[in-house]
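Undergrad: So I've got this file, start_35.cif, and it contains mmCIF, C-alpha atoms:
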```cif
data_run
#
loop_
_atom_site.group_PDB
_atom_site.id
_atom_site.type_symbol
_atom_site.label_atom_id
_atom_site.label_comp_id
_atom_site.auth_asym_id
_atom_site.auth_seq_id
_atom_site.Cartn_x
_atom_site.Cartn_y
_atom_site.Cartn_z
ATOM 1 C CA MET A 87 -22.117 -20.011 -1.773
ATOM 2 C CA ALA A 88 -19.553 -17.706 -3.350
ATOM 3 C CA ILE A 89 -21.607 -14.682 -2.294
ATOM 4 C CA LEU A 90 -21.744 -15.881 1.317
ATOM 5 C CA SER A 91 -17.989 -16.466 1.257
ATOM 6 C CA THR A 92 -17.403 -12.948 -0.109
ATOM 7 C CA ILE A 93 -19.648 -11.419 2.559
ATOM 8 C CA PHE A 94 -17.910 -13.429 5.289
ATOM 9 C CA TYR A 95 -14.414 -12.331 4.281
ATOM 10 C CA PHE A 96 -15.624 -8.753 3.788
ATOM 11 C CA ILE A 97 -16.918 -8.664 7.360
ATOM 12 C CA ILE A 98 -13.687 -10.226 8.678
ATOM 13 C CA THR A 99 -11.637 -7.603 6.808
ATOM 14 C CA ILE A 100 -13.777 -4.764 8.145
ATOM 15 C CA ILE A 101 -13.500 -6.116 11.693
ATOM 16 C CA ILE A 102 -9.682 -6.245 11.445
ATOM 17 C CA LEU A 103 -9.465 -2.727 10.000
ATOM 18 C CA VAL A 104 -11.846 -1.361 12.646
ATOM 19 C CA LEU A 105 -10.067 -3.185 15.466
ATOM 20 C CA VAL A 106 -6.673 -1.781 14.463
ATOM 21 C CA HIS A 107 -8.113 1.699 13.869
ATOM 22 C CA GLU A 108 -9.905 1.893 17.201
ATOM 23 C CA LEU A 109 -6.930 0.338 18.972
ATOM 24 C CA GLY A 110 -4.908 3.338 17.817
ATOM 25 C CA HIS A 111 -7.360 5.767 19.459
ATOM 26 C CA PHE A 112 -7.509 3.573 22.563
ATOM 27 C CA LEU A 113 -3.741 3.268 23.074
ATOM 28 C CA ALA A 114 -3.162 6.974 22.461
ATOM 29 C CA ALA A 115 -5.893 7.888 24.967
ATOM 30 C CA LYS A 116 -4.432 5.530 27.578
ATOM 31 C CA LEU A 117 -0.940 6.925 26.929
ATOM 32 C CA PHE A 118 -2.143 10.403 27.884
ATOM 33 C CA LYS A 119 -4.145 9.074 30.875
ATOM 34 C CA MET A 120 -7.587 9.719 29.412
ATOM 35 C CA ARG A 121 -10.447 7.581 30.683
ATOM 36 C CA VAL A 122 -11.861 5.252 28.044
ATOM 37 C CA ASP A 123 -15.456 4.302 28.827
ATOM 38 C CA THR A 124 -16.111 1.923 25.902
ATOM 39 C CA PHE A 125 -14.095 -0.039 23.366
ATOM 40 C CA SER A 126 -16.609 -1.530 20.932
ATOM 41 C CA ILE A 127 -16.283 -3.609 17.781
ATOM 42 C CA GLY A 128 -19.506 -2.887 15.933
ATOM 43 C CA PHE A 129 -22.130 -0.255 16.637
ATOM 44 C CA PRO A 130 -24.858 -0.471 19.302
ATOM 45 C CA PRO A 131 -26.884 -2.193 20.525
ATOM 46 C CA ARG A 132 -24.323 -3.989 22.680
ATOM 47 C CA ALA A 133 -24.216 -7.760 22.202
ATOM 48 C CA PHE A 134 -21.750 -8.954 24.846
ATOM 49 C CA GLY A 135 -18.540 -7.948 26.552
ATOM 50 C CA LYS A 136 -16.775 -7.411 29.844
ATOM 51 C CA LYS A 137 -15.977 -4.344 31.865
ATOM 52 C CA ILE A 138 -12.409 -4.135 33.099
ATOM 53 C CA GLY A 139 -11.601 -1.121 35.207
ATOM 54 C CA ASP A 140 -13.279 1.932 33.683
ATOM 55 C CA THR A 141 -13.593 0.405 30.210
ATOM 56 C CA ASP A 142 -16.373 -1.732 28.775
ATOM 57 C CA TYR A 143 -14.780 -4.012 26.158
ATOM 58 C CA CYS A 144 -17.638 -5.251 24.010
ATOM 59 C CA VAL A 145 -18.940 -6.499 20.682
ATOM 60 C CA SER A 146 -22.061 -4.830 19.321
ATOM 61 C CA TRP A 147 -24.683 -6.100 16.915
ATOM 62 C CA ILE A 148 -24.002 -3.900 13.865
ATOM 63 C CA PRO A 149 -20.716 -5.398 12.564
ATOM 64 C CA ILE A 150 -19.605 -2.688 10.115
ATOM 65 C CA GLY A 151 -17.748 -0.166 12.233
ATOM 66 C CA GLY A 152 -16.763 0.388 15.825
ATOM 67 C CA TYR A 153 -15.855 3.111 18.259
ATOM 68 C CA VAL A 154 -13.881 4.094 21.326
ATOM 69 C CA LYS A 155 -15.775 6.298 23.786
ATOM 70 C CA ILE A 156 -13.315 8.626 25.507
ATOM 71 C CA ALA A 157 -14.451 10.664 28.503
ATOM 72 C CA GLY A 158 -14.888 14.344 27.692
ATOM 73 C CA MET A 159 -15.109 13.835 23.927
ATOM 74 C CA ILE A 160 -18.149 14.132 21.669
ATOM 75 C CA ASP A 161 -18.201 10.926 19.633
ATOM 76 C CA GLU A 162 -20.611 8.588 17.830
ATOM 77 C CA SER A 163 -22.901 8.519 20.887
ATOM 78 C CA PHE A 164 -23.380 12.319 20.708
ATOM 79 C CA ASP A 165 -23.324 12.410 24.509
ATOM 80 C CA THR A 166 -22.945 16.064 25.537
ATOM 81 C CA ASP A 167 -24.025 15.908 29.188
ATOM 82 C CA PHE A 168 -20.423 16.298 30.349
ATOM 83 C CA LEU A 169 -20.329 19.808 28.852
ATOM 84 C CA ASN A 170 -22.432 21.002 31.801
ATOM 85 C CA ASN A 171 -19.602 20.168 34.227
ATOM 86 C CA GLU A 172 -16.077 21.446 34.748
ATOM 87 C CA PRO A 173 -13.375 19.585 32.741
ATOM 88 C CA GLN A 174 -11.807 16.735 34.718
ATOM 89 C CA PRO A 175 -8.109 15.744 34.527
ATOM 90 C CA TRP A 176 -8.948 12.394 32.880
ATOM 91 C CA GLU A 177 -11.100 13.927 30.150
ATOM 92 C CA PHE A 178 -10.167 14.471 26.511
ATOM 93 C CA ARG A 179 -11.141 18.151 26.600
ATOM 94 C CA SER A 180 -8.775 18.898 29.495
ATOM 95 C CA LYS A 181 -5.672 17.704 27.656
ATOM 96 C CA PRO A 182 -3.268 19.883 25.585
ATOM 97 C CA LEU A 183 -4.062 20.367 21.921
ATOM 98 C CA TRP A 184 -1.099 18.286 20.739
ATOM 99 C CA GLN A 185 -2.251 15.298 22.787
ATOM 100 C CA ARG A 186 -5.805 15.591 21.443
ATOM 101 C CA MET A 187 -4.447 15.747 17.886
ATOM 102 C CA ILE A 188 -2.443 12.564 18.434
ATOM 103 C CA VAL A 189 -5.492 10.753 19.820
ATOM 104 C CA ILE A 190 -7.613 11.827 16.837
ATOM 105 C CA SER A 191 -4.901 10.848 14.311
ATOM 106 C CA ALA A 192 -3.859 7.598 15.960
ATOM 107 C CA GLY A 193 -6.524 5.494 14.218
ATOM 108 C CA VAL A 194 -5.366 6.455 10.728
ATOM 109 C CA ILE A 195 -1.731 6.048 11.714
ATOM 110 C CA MET A 196 -2.417 2.518 12.949
ATOM 111 C CA ASN A 197 -4.123 1.622 9.658
ATOM 112 C CA LEU A 198 -1.105 2.917 7.727
ATOM 113 C CA LEU A 199 1.212 0.846 9.920
ATOM 114 C CA LEU A 200 -1.024 -2.186 9.319
ATOM 115 C CA ALA A 201 -0.663 -1.709 5.550
ATOM 116 C CA VAL A 202 3.128 -1.433 5.876
ATOM 117 C CA PHE A 203 3.212 -4.566 8.047
ATOM 118 C CA ILE A 204 1.054 -6.551 5.592
ATOM 119 C CA PHE A 205 3.227 -5.671 2.586
ATOM 120 C CA TRP A 206 6.399 -6.289 4.593
ATOM 121 C CA GLY A 207 5.038 -9.684 5.626
ATOM 122 C CA ILE A 208 4.194 -10.631 2.038
ATOM 123 C CA ILE A 209 7.685 -9.697 0.842
ATOM 124 C CA PHE A 210 9.313 -11.431 3.833
ATOM 125 C CA TYR A 211 7.512 -14.749 3.316
ATOM 126 C CA GLN A 212 7.153 -14.798 -0.489
ATOM 127 C CA GLY A 213 10.259 -12.857 -1.450
ATOM 128 C CA ARG A 214 10.622 -10.335 -4.266
ATOM 129 C CA THR A 215 11.349 -11.119 -7.889
ATOM 130 C CA ILE A 216 14.602 -9.515 -9.033
ATOM 131 C CA HIS A 217 15.995 -9.591 -12.558
ATOM 132 C CA PRO A 218 19.797 -9.395 -12.069
ATOM 133 C CA VAL A 219 20.447 -8.106 -15.593
ATOM 134 C CA THR A 220 20.902 -4.676 -17.169
ATOM 135 C CA GLU A 221 20.825 -5.819 -20.803
ATOM 136 C CA ILE A 222 17.908 -4.943 -23.073
ATOM 137 C CA GLY A 223 16.334 -8.078 -24.505
ATOM 138 C CA TYR A 224 13.410 -6.552 -26.360
ATOM 139 C CA ILE A 225 12.345 -3.132 -27.643
ATOM 140 C CA ALA A 226 8.721 -2.530 -28.559
ATOM 141 C CA PRO A 227 8.230 -1.153 -32.088
ATOM 142 C CA LYS A 228 7.479 2.599 -32.197
ATOM 143 C CA SER A 229 8.098 2.873 -28.443
ATOM 144 C CA PRO A 230 9.943 5.779 -26.755
ATOM 145 C CA ALA A 231 12.976 3.512 -26.299
ATOM 146 C CA GLU A 232 13.179 2.871 -30.055
ATOM 147 C CA LYS A 233 12.697 6.584 -30.763
ATOM 148 C CA PHE A 234 15.580 7.574 -28.460
ATOM 149 C CA GLY A 235 18.009 5.145 -30.132
ATOM 150 C CA PHE A 236 18.217 2.153 -27.792
ATOM 151 C CA HIS A 237 19.043 -1.267 -29.261
ATOM 152 C CA VAL A 238 18.616 -4.877 -28.195
ATOM 153 C CA GLY A 239 21.831 -5.871 -26.414
ATOM 154 C CA ASP A 240 22.511 -2.438 -24.926
ATOM 155 C CA LYS A 241 23.452 -2.612 -21.251
ATOM 156 C CA PHE A 242 22.495 0.099 -18.777
ATOM 157 C CA LEU A 243 25.403 1.327 -16.681
ATOM 158 C CA ALA A 244 23.976 4.428 -14.970
ATOM 159 C CA ILE A 245 21.030 6.823 -15.025
ATOM 160 C CA ASN A 246 21.854 10.435 -14.110
ATOM 161 C CA ASN A 247 25.177 9.206 -12.685
ATOM 162 C CA ARG A 248 23.409 6.661 -10.472
ATOM 163 C CA PRO A 249 24.848 3.174 -11.176
ATOM 164 C CA VAL A 250 22.265 0.453 -11.859
ATOM 165 C CA LYS A 251 22.945 -3.244 -11.374
ATOM 166 C CA GLN A 252 19.547 -4.887 -11.891
ATOM 167 C CA TRP A 253 16.428 -4.362 -13.988
ATOM 168 C CA ASP A 254 14.260 -3.304 -11.054
ATOM 169 C CA GLU A 255 16.668 -0.426 -10.366
ATOM 170 C CA ILE A 256 16.470 0.617 -14.011
ATOM 171 C CA GLU A 257 12.665 0.776 -14.025
ATOM 172 C CA SER A 258 12.357 2.573 -10.673
ATOM 173 C CA THR A 259 15.173 5.051 -11.453
ATOM 174 C CA LEU A 260 13.756 5.854 -14.895
ATOM 175 C CA TYR A 261 10.432 6.660 -13.280
ATOM 176 C CA THR A 262 11.648 8.663 -10.277
ATOM 177 C CA GLU A 263 14.275 10.663 -12.167
ATOM 178 C CA SER A 264 11.931 11.479 -15.052
ATOM 179 C CA VAL A 265 9.460 13.141 -12.685
ATOM 180 C CA THR A 266 11.722 16.160 -12.146
ATOM 181 C CA HIS A 267 14.860 15.766 -14.291
ATOM 182 C CA ASP A 268 16.143 15.236 -17.802
ATOM 183 C CA LEU A 269 17.789 11.849 -18.256
ATOM 184 C CA ASN A 270 21.436 11.101 -18.955
ATOM 185 C CA ILE A 271 21.544 7.346 -19.536
ATOM 186 C CA THR A 272 24.973 5.726 -19.747
ATOM 187 C CA ILE A 273 24.964 2.479 -21.726
ATOM 188 C CA ASN A 274 27.367 -0.096 -23.068
ATOM 189 C CA HIS A 275 26.593 -0.461 -26.775
ATOM 190 C CA SER A 276 28.565 -3.215 -28.530
ATOM 191 C CA GLY A 277 31.455 -2.766 -26.098
ATOM 192 C CA ALA A 278 31.574 1.031 -26.317
ATOM 193 C CA VAL A 279 30.322 3.284 -23.520
ATOM 194 C CA SER A 280 28.044 6.103 -24.633
ATOM 195 C CA THR A 281 25.420 8.424 -23.176
ATOM 196 C CA ILE A 282 21.875 9.018 -24.378
ATOM 197 C CA PHE A 283 20.387 12.358 -23.322
ATOM 198 C CA ILE A 284 16.591 12.630 -23.092
ATOM 199 C CA ARG A 285 14.788 15.826 -22.198
ATOM 200 C CA ARG A 286 12.106 15.480 -19.561
ATOM 201 C CA SER A 287 9.606 17.173 -21.884
ATOM 202 C CA ASP A 288 10.185 14.422 -24.485
ATOM 203 C CA LEU A 289 9.559 11.594 -22.036
ATOM 204 C CA PRO A 290 6.193 9.803 -21.947
ATOM 205 C CA ASP A 291 3.948 9.792 -18.903
ATOM 206 C CA PHE A 292 5.005 6.452 -17.439
ATOM 207 C CA THR A 293 1.607 6.058 -15.757
ATOM 208 C CA ASP A 294 0.005 5.892 -19.230
ATOM 209 C CA GLU A 295 2.771 4.627 -21.522
ATOM 210 C CA ARG A 296 5.654 2.223 -21.020
ATOM 211 C CA PHE A 297 9.212 3.074 -22.033
ATOM 212 C CA GLY A 298 9.180 0.034 -24.310
ATOM 213 C CA ILE A 299 12.011 -2.190 -23.097
ATOM 214 C CA LEU A 300 12.204 -5.613 -21.483
ATOM 215 C CA PRO A 301 15.230 -7.307 -19.899
ATOM 216 C CA ALA A 302 17.181 -10.060 -21.589
ATOM 217 C CA GLY A 303 16.590 -13.614 -20.440
ATOM 218 C CA LEU A 304 12.837 -13.410 -19.837
ATOM 219 C CA VAL A 305 10.689 -16.430 -20.682
ATOM 220 C CA SER A 306 6.905 -16.605 -20.896
ATOM 221 C CA VAL A 307 5.610 -19.347 -18.583
ATOM 222 C CA VAL A 308 1.929 -20.279 -18.405
ATOM 223 C CA THR A 309 0.776 -20.230 -14.767
ATOM 224 C CA LEU A 310 -2.993 -20.589 -15.211
ATOM 225 C CA VAL A 311 -5.337 -21.787 -17.935
ATOM 226 C CA ASP A 312 -9.008 -20.788 -17.672
ATOM 227 C CA ALA A 313 -11.468 -23.593 -18.336
ATOM 228 C CA GLY A 314 -13.312 -23.325 -21.634
ATOM 229 C CA LYS A 315 -11.076 -20.560 -22.986
ATOM 230 C CA PRO A 316 -9.127 -20.769 -26.285
ATOM 231 C CA ALA A 317 -5.877 -21.477 -24.422
ATOM 232 C CA GLU A 318 -7.342 -24.683 -23.002
ATOM 233 C CA LYS A 319 -8.798 -25.697 -26.359
ATOM 234 C CA ILE A 320 -5.420 -25.500 -28.091
ATOM 235 C CA GLY A 321 -3.821 -27.568 -25.349
ATOM 236 C CA LEU A 322 -1.868 -25.056 -23.256
ATOM 237 C CA GLN A 323 -1.149 -26.253 -19.718
ATOM 238 C CA PRO A 324 0.267 -24.592 -16.571
ATOM 239 C CA GLY A 325 4.052 -24.798 -16.716
ATOM 240 C CA ASP A 326 4.302 -24.559 -20.513
ATOM 241 C CA THR A 327 6.885 -22.099 -21.834
ATOM 242 C CA ILE A 328 5.893 -19.980 -24.842
ATOM 243 C CA LEU A 329 8.866 -19.701 -27.182
ATOM 244 C CA ALA A 330 7.348 -17.834 -30.143
ATOM 245 C CA VAL A 331 4.079 -16.458 -31.527
ATOM 246 C CA ASN A 332 3.655 -16.527 -35.329
ATOM 247 C CA ASP A 333 7.343 -17.480 -35.610
ATOM 248 C CA ALA A 334 8.348 -14.224 -33.900
#
```
Now that the file is in, can you turn its structure into structure tokens?

TA:
Amino acid sequence: MAILSTIFYFIITIIILVLVHELGHFLAAKLFKMRVDTFSIGFPPRAFGKKIGDTDYCVSWIPIGGYVKIAGMIDESFDTDFLNNEPQPWEFRSKPLWQRMIVISAGVIMNLLLAVFIFWGIIFYQGRTIHPVTEIGYIAPKSPAEKFGFHVGDKFLAINNRPVKQWDEIESTLYTESVTHDLNITINHSGAVSTIFIRRSDLPDFTDERFGILPAGLVSVVTLVDAGKPAEKIGLQPGDTILAVNDA
């Protein structure tokens, strides 16, 4: 049953991606007054549909894929008969290069916009977790942060003269600035303001290694316990807060 469910949702996802992709080609072609002969979800043979104006809007039997057939364009159908005739004003081949480039690129652009819309929607409805602190609550042993002289309780004030007011800003600024610059990190250490200078060449690759700091005020809350796993056997339950491990 799980396999059937996976296949079902896979097909639904593909249909949505194809629909948005082909809609990009379709809308761009219509914008530049090109004739669209077919708008198909799925590949032939044709299953059902309806012709409206010059366009056959249909669903075809092979569900993975789809296509928009634009007059005067060699596409998935490999129809080349039109090449024997003079270009017509409504054909793809008669349009300026910049318009043809937009039509070709429109599918990918629509998929990118779909991705942006999906992530925007998730953030809009679920919100984004923000840690409104700049104080270091934990430093991993032997981490870059320990090596460069940071201490628990230090508060970040600025990174390369860019003020930071929350932990998310600290993490993103550390990453973006370290790509091309050395780091001048202004901190409040025990009430005194000081600056820690770190050469870019001494910084770790943040894609492979963490800087080694966590914000103050974090708590470890159990959200899920897998059945049959050690966590369940020792009695952990969703909602429990872990205060210490081995008294540390």

Undergrad: Near A:Phe242, counting only C-alpha atoms, which residues have an atom at most 10 Å away, once you skip same-chain residues fewer than 6 positions from it, shown as a list in words?

TA: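 Using only C-alpha atoms, the neighbours found are Val219, Thr220, Glu221, Ile222, Pro249, Val250, Lys251, Gln252, Trp253, Ile256, Ile271, Thr272, Ile273, Asn274, His275, Val279 and Thr281 of chain A.
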
Undergrad: Do you have the atom CA of A:Gly277-atom CA of A:Pro227 distance handy?

TA: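 It comes out at 24.0 Å.
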
Undergrad: Using only C-alpha atoms, determine which residues lie at most 12 Å from A:Ile138, disregarding the query and same-chain residues fewer than 2 positions distant; provide the list as a list in words.

TA: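 So, after excluding close chain neighbours, the residues are Val122, Asp123, Thr124, Phe125, Gly135, Lys136, Asp140, Thr141, Asp142, Tyr143 and Cys144 of chain A.
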
Undergrad: At what distance in Å, to one decimal, does atom CA of A:Ile160 lie from atom CA of A:Asn197?

TA: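 So the two atoms, atom CA of A:Asn197 and atom CA of A:Ile160, lie 22.3 Å apart.
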
Undergrad: Quick one: of A:Tyr153, A:Trp147, A:Phe96, A:Phe178, who's nearest to A:Arg121, counting all atoms listed in the file?

TA: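 Nearest candidate to A:Arg121 out of A:Tyr153, A:Trp147, A:Phe96, A:Phe178: A:Phe178.
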
Undergrad: Quick one: distance from atom CA of A:Asp254 to atom CA of A:Ile195 in Å, one decimal?

TA: 29.4 Å

Undergrad: Any idea what's packed within 10 Å of A:Ile98, counting all atoms listed in the file, ignoring anything in its chain fewer than 6 positions away? Could you give it as number ranges by chain?

TA: A: 92, 104, 149-150

Undergrad: Save the residues we just selected, C-alpha atoms, as a PDB file, keeping the file's coordinate frame?

TA:
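Okay, this is what ended up in again_39.pdb:
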```pdb
ATOM      1  CA  THR A  92     -17.403 -12.948  -0.109  1.00  0.00           C
ATOM      2  CA  VAL A 104     -11.846  -1.361  12.646  1.00  0.00           C
ATOM      3  CA  PRO A 149     -20.716  -5.398  12.564  1.00  0.00           C
ATOM      4  CA  ILE A 150     -19.605  -2.688  10.115  1.00  0.00           C
TER       5      ILE A 150
END
```

Undergrad: Might you pull out every residue within 10 Å of A:Ala231, with only C-alpha atoms counted and same-chain residues fewer than 5 positions away left off, and present them as a short mmCIF file (atom, residue, chain, number, x, y, z; two decimals) with C-alpha atoms, in the coordinates of the input?

TA:
```
data_model
loop_
_atom_site.label_atom_id
_atom_site.label_comp_id
_atom_site.auth_asym_id
_atom_site.auth_seq_id
_atom_site.Cartn_x
_atom_site.Cartn_y
_atom_site.Cartn_z
CA ILE A 225 12.34 -3.13 -27.64
CA ALA A 226 8.72 -2.53 -28.56
CA PHE A 236 18.22 2.15 -27.79
CA HIS A 237 19.04 -1.27 -29.26
CA LEU A 289 9.56 11.59 -22.04
CA ARG A 296 5.65 2.22 -21.02
CA PHE A 297 9.21 3.07 -22.03
CA GLY A 298 9.18 0.03 -24.31
CA ILE A 299 12.01 -2.19 -23.10
#
```
